[in-house]
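Asks: This is the structure I want to talk about, given as structure tokens.
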Amino acid sequence: DWRIAKLYGVADKSSPEEFAALVDEVGTRDAVCFGSVMMDRPSARAHFVVLALIDLDDGSLAECLTARRALLKAAVAAGGAGAGSALLAALEGLLCSPATAVEGEARESAMTSFDEALKVLWEYEVVSEDEVRLWQADERAGRNYQVSGADAIR
């Protein structure tokens with residue numbers, strides 16, 4: 001989706017507030033996520049944010065989240081109800097969807113350290129404890145990102 005490239009291109013040049021405003025500006029109408037049309041606004045929005053900001057070639061998932069925490073926090077805050085849980089599901093999709101390029105050791109490393117990533121998001125108040133619990137209770141939270149049931153349970 002063209003919006004990911006646009007957000008990626010401005011991420012390093014924008015304040016958190018400007019980035020969050022641009023996420024709203026590009027919108028989610030006719031969003032394409034992993035080759036399918038995404039009708040759920042919070043999920044599409046989170047997908048764009050995650051793919052624009054998180055590059056596992058730059059370090060571990062926790063390191064990437066720490067480096068981008070201000071942009072992530074602003075995007076979640078501007079996203080309204082459910083934005084935090086959608087962000088967690090989008091991160092799950094980044095690691096588990098067959099459509100992503102995260103494979104092999106990088107995928108396993110990120111999946112086994114996902115609890116560290118959750119801790120980063122919670123400690124920096126990117127997502128609330130309630131949002132983490134809501135995401136955790138929904139084993140189908142990653143369904144919009146082609147996350148298999150087996151990976152969701154991990």
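By convention here, the chains of the structure tokens are called A, B, ... in the order presented, each chain's residues are numbered starting at 1, and ligands are numbered starting at 1 in the order presented.
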May I have all residues of chain A that DSSP, computed from the backbone, assigns to strand (DSSP E), given as number ranges by chain?

Replies: A: 31-33, 36-38

Asks: Could you list, as a ChimeraX atom specification, every residue within 10 Å of range 51-64 of chain A, counting only C-alpha atoms and ignoring same-chain residues fewer than 5 positions away?

Replies: /A:3-12,46,69,71-72,90-91,94-95,100-102,106-107,109-111,113-121

Asks: Quick one: pull the distance between CA of Leu88 in chain A and CA of Met39 in chain A, Å, one decimal.

Replies: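 Interatomic distance, CA of Leu88 in chain A to CA of Met39 in chain A: 17.8 Å.
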
Asks: To one decimal in Å, tell me the separation between CA of Ser85 in chain A and CA of Asp24 in chain A.

Replies: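 So the two atoms, CA of Ser85 in chain A and CA of Asp24 in chain A, lie 17.6 Å apart.
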
Asks: So that I can check the surroundings of Trp122 in chain A, please list as a list in words every protein, DNA and RNA residue that reaches within 9 Å of it, counting only C-alpha atoms and ignoring chain neighbours fewer than 6 positions away.

Replies: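 In the requested form, the answer reads Ser128, Glu129 and Val132 of chain A.
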